[in-house]
Amino acid sequence: RKITISELLIMLVRSNKILRTHVLGSLANSTIQCFSSANSDSLFLGLPKKVTTIGAPMHHGQPITGTDNGPKLIRELGLSKIIKNLGWECDDKGDIEMSPESMKRSPLEPFQGLAHNCDVVGIGNERVAKVVKAGAEEKSFVLTIGGDHSIGLGTLAGMLSVYPNLGVIWVDAHADINTPLTSESGNMHGMPVSFVMKLDGTLNLPGFDWLKQVPTLKPSQVAYIGLRDVDDGERKILRELETQGMYVTSMQDVDAVGIGAVVEDALTSLGKDRPIHLSYDIDALDPVLAPSTGTRVPGGLTFREGHFIAESLASTGQLVSMDMVEVNSMIGDSNDAKSTADLALDIISSALGSKIF
């Protein structure tokens with residue numbers, strides 16, 4: 001049969017990232033808008049379908065309190081009911097204890113100043129990793145509700161312990177791949193990817209001895225979507241890791257070719273033979289849609305773009321776990337907090353198979 005103009009554009013943008021970003025622009029955005037699989041049955045999870053829900057009320061990875069309320073707020077909006085309505089069993093493990101009093105703090109070391117609260121963040125993430133690992137071993141879909149994005153360290157560690165070839169789609173305004181050697185702020189919610197990749201400067205910190213036993217995340221296992229605020233140190237890291245197979249896209253790519261092409265390329269880069277974890281920071285969405293989050297950056301994903309990512313991953317049958325993070329009820333008023341948590345819950349629903357039709 002004849003090749004259509006739309007199909008030709010798709011082939012072009014897949015073959016050349018520079019062309020994709022700088023030339024096609026809005027024309028490609030209007031022509032590439034779908035990615036789906038005829039079979040959405042899970043390739044890796046057991047039956048009956050079960051979601052293991054874990055609350056990770058971490059706030060020690062950044063200086064603004066309120067992220068610890070995220071699990072409670074999302075549950076109160078009807079999380080368990082939605083899970084059951086989508087045909088899953090719901091096994092809610094409750095919240096992991098994250099208070100500093102429950103975690104023995106290590107003596108302060110000079111190096112620790114480049115990774116604030118690293119002992120508490122490390123111990124808290126060890127707890128997250130253990131519960132996540134247990135859920136994954138049961139072949140459940142593991143859903144972790146944060147909490148700040150430092151918990152991504154624990155969720156990935158737990159999943160990698162069961163699925164060493166795990167693919168990771170990181171949806172975020174920020175790359176979260178700073179190390180204690182590159183971070184300007186020292187806030188550990190900006191470092192989880194570097195720790196599970198065991199980059200220079202991430203080993204031998206108080207609270208992280210346990211991480212040495214976890215399989216190392218490789219560059220080819222990671223795909224970024226939605227970046228728009230990247231630190232200078234992170235930019236250097238990402239450029240190096242791109243040469244080793246990491247898939248890195250920004251909002252500029254989404255603007256150029258549309259979310260459909262970006263998601264399809266991300267999935268192609270990871271391959272069809274591996275389970276996938278979705279790490280979803282609510283600040284990936286435009287702050288007009290998600291105002292109650294701590295590191296807001298203008299120009300984020302639209303409502304439909306945000307959903308499309310989750311819907312597309314659900315349709316592959318490869319999605320085995322997810323974390324939703326950085327909903328902060330202390331930022332903005334009560335309406336802001338509710339609308340942000342509602343949106344987070346809606347995206348979780350899409351990842352669990354909710355469809356428009």
# chains A, B, ... in the order shown; residues from 1 in each chain; ligands from 1
call {"tool": "select_by_dssp", "arguments": {"residues": "stretch 143-250 of chain A", "states": "strand (DSSP E)", "output": "PyMOL selection string"}}
result
chain A and resi 143-146+167-171+222-227+247-250
call {"tool": "write_last_selection", "arguments": {"atoms": "N, CA and C atoms", "output": "PDB file, in the first residue's frame"}}
result
ATOM      1  N   LEU A 143       2.248   0.014  43.732  1.00  0.00           N
ATOM      2  CA  LEU A 143       1.949   1.441  43.642  1.00  0.00           C
ATOM      3  C   LEU A 143       2.411   2.122  44.919  1.00  0.00           C
ATOM      4  N   THR A 144       3.380   3.011  44.791  1.00  0.00           N
ATOM      5  CA  THR A 144       3.908   3.725  45.955  1.00  0.00           C
ATOM      6  C   THR A 144       3.507   5.189  45.859  1.00  0.00           C
ATOM      7  N   ILE A 145       2.910   5.699  46.930  1.00  0.00           N
ATOM      8  CA  ILE A 145       2.437   7.084  46.964  1.00  0.00           C
ATOM      9  C   ILE A 145       3.335   7.891  47.891  1.00  0.00           C
ATOM     10  N   GLY A 146       3.989   8.926  47.319  1.00  0.00           N
ATOM     11  CA  GLY A 146       4.832   9.793  48.135  1.00  0.00           C
ATOM     12  C   GLY A 146       4.068  10.985  48.643  1.00  0.00           C
ATOM     13  N   GLY A 167      12.908  -1.622  33.151  1.00  0.00           N
ATOM     14  CA  GLY A 167      12.959  -0.354  32.446  1.00  0.00           C
ATOM     15  C   GLY A 167      12.286   0.727  33.282  1.00  0.00           C
ATOM     16  N   VAL A 168      12.788   1.946  33.201  1.00  0.00           N
ATOM     17  CA  VAL A 168      12.269   3.043  34.025  1.00  0.00           C
ATOM     18  C   VAL A 168      11.893   4.208  33.123  1.00  0.00           C
ATOM     19  N   ILE A 169      10.643   4.640  33.218  1.00  0.00           N
ATOM     20  CA  ILE A 169      10.218   5.864  32.552  1.00  0.00           C
ATOM     21  C   ILE A 169      10.018   6.921  33.626  1.00  0.00           C
ATOM     22  N   TRP A 170      10.838   7.960  33.544  1.00  0.00           N
ATOM     23  CA  TRP A 170      10.885   9.001  34.575  1.00  0.00           C
ATOM     24  C   TRP A 170      10.206  10.247  34.015  1.00  0.00           C
ATOM     25  N   VAL A 171       9.021  10.540  34.528  1.00  0.00           N
ATOM     26  CA  VAL A 171       8.225  11.668  34.048  1.00  0.00           C
ATOM     27  C   VAL A 171       8.329  12.779  35.079  1.00  0.00           C
ATOM     28  N   VAL A 222      16.811   3.493  31.260  1.00  0.00           N
ATOM     29  CA  VAL A 222      16.139   4.721  31.690  1.00  0.00           C
ATOM     30  C   VAL A 222      15.671   5.546  30.496  1.00  0.00           C
ATOM     31  N   ALA A 223      14.434   6.053  30.596  1.00  0.00           N
ATOM     32  CA  ALA A 223      13.892   6.972  29.592  1.00  0.00           C
ATOM     33  C   ALA A 223      13.245   8.148  30.313  1.00  0.00           C
ATOM     34  N   TYR A 224      13.668   9.357  29.954  1.00  0.00           N
ATOM     35  CA  TYR A 224      13.125  10.581  30.543  1.00  0.00           C
ATOM     36  C   TYR A 224      12.089  11.210  29.614  1.00  0.00           C
ATOM     37  N   ILE A 225      10.998  11.690  30.222  1.00  0.00           N
ATOM     38  CA  ILE A 225       9.960  12.417  29.478  1.00  0.00           C
ATOM     39  C   ILE A 225       9.583  13.667  30.265  1.00  0.00           C
ATOM     40  N   GLY A 226       9.556  14.807  29.580  1.00  0.00           N
ATOM     41  CA  GLY A 226       9.008  16.030  30.170  1.00  0.00           C
ATOM     42  C   GLY A 226       9.986  16.955  30.847  1.00  0.00           C
ATOM     43  N   LEU A 227      11.280  16.733  30.708  1.00  0.00           N
ATOM     44  CA  LEU A 227      12.264  17.588  31.384  1.00  0.00           C
ATOM     45  C   LEU A 227      12.156  19.035  30.910  1.00  0.00           C
ATOM     46  N   TYR A 247      17.696   7.294  27.204  1.00  0.00           N
ATOM     47  CA  TYR A 247      16.783   8.070  26.363  1.00  0.00           C
ATOM     48  C   TYR A 247      16.380   9.329  27.129  1.00  0.00           C
ATOM     49  N   VAL A 248      16.742  10.489  26.596  1.00  0.00           N
ATOM     50  CA  VAL A 248      16.499  11.750  27.290  1.00  0.00           C
ATOM     51  C   VAL A 248      15.739  12.695  26.370  1.00  0.00           C
ATOM     52  N   THR A 249      14.547  13.124  26.806  1.00  0.00           N
ATOM     53  CA  THR A 249      13.789  14.118  26.053  1.00  0.00           C
ATOM     54  C   THR A 249      13.304  15.211  26.996  1.00  0.00           C
ATOM     55  N   SER A 250      13.078  16.371  26.424  1.00  0.00           N
ATOM     56  CA  SER A 250      12.584  17.510  27.185  1.00  0.00           C
ATOM     57  C   SER A 250      11.229  17.933  26.641  1.00  0.00           C
TER      58      SER A 250
END
call {"tool": "residues_around", "arguments": {"residues": "A:Gly55", "least_positions_apart": "4", "cutoff": "8 Å", "atoms": "only C-alpha atoms", "output": "PyMOL selection string"}}
result
chain A and resi 71-72+93-96+144-147
call {"tool": "atom_distance", "arguments": {"atom1": "atom CA of A:Val193", "atom2": "atom CA of A:Lys133"}}
result
17.7 Å
call {"tool": "residues_around", "arguments": {"residues": "A:Pro219", "least_positions_apart": "4", "cutoff": "9 Å", "atoms": "only C-alpha atoms", "output": "PyMOL selection string"}}
result
chain A and resi 197+223+241-247
call {"tool": "closest_residue", "arguments": {"among": "A:Glu240, A:Glu326, A:Asp232, A:Asp346", "to": "A:Asn178", "atoms": "only C-alpha atoms"}}
result
A:Asp232
call {"tool": "closest_residue", "arguments": {"among": "A:Ala341, A:Leu166, A:Val131, A:Leu319", "to": "A:Leu45", "atoms": "only C-alpha atoms"}}
result
A:Leu319
call {"tool": "residues_around", "arguments": {"residues": "A:Ser321", "least_positions_apart": "6", "cutoff": "9 Å", "atoms": "only C-alpha atoms", "output": "list in words"}}
result
Val51, Ala136, Ser140, Phe141, Val142, Leu143, Thr144, Thr155, Met159, Pro275, Ile276, His277, Leu278 and Ser279 of chain A
call {"tool": "closest_residue", "arguments": {"among": "A:Leu181, A:Val128, A:Val230, A:Ala344", "to": "A:Gly152", "atoms": "only C-alpha atoms"}}
result
A:Val128
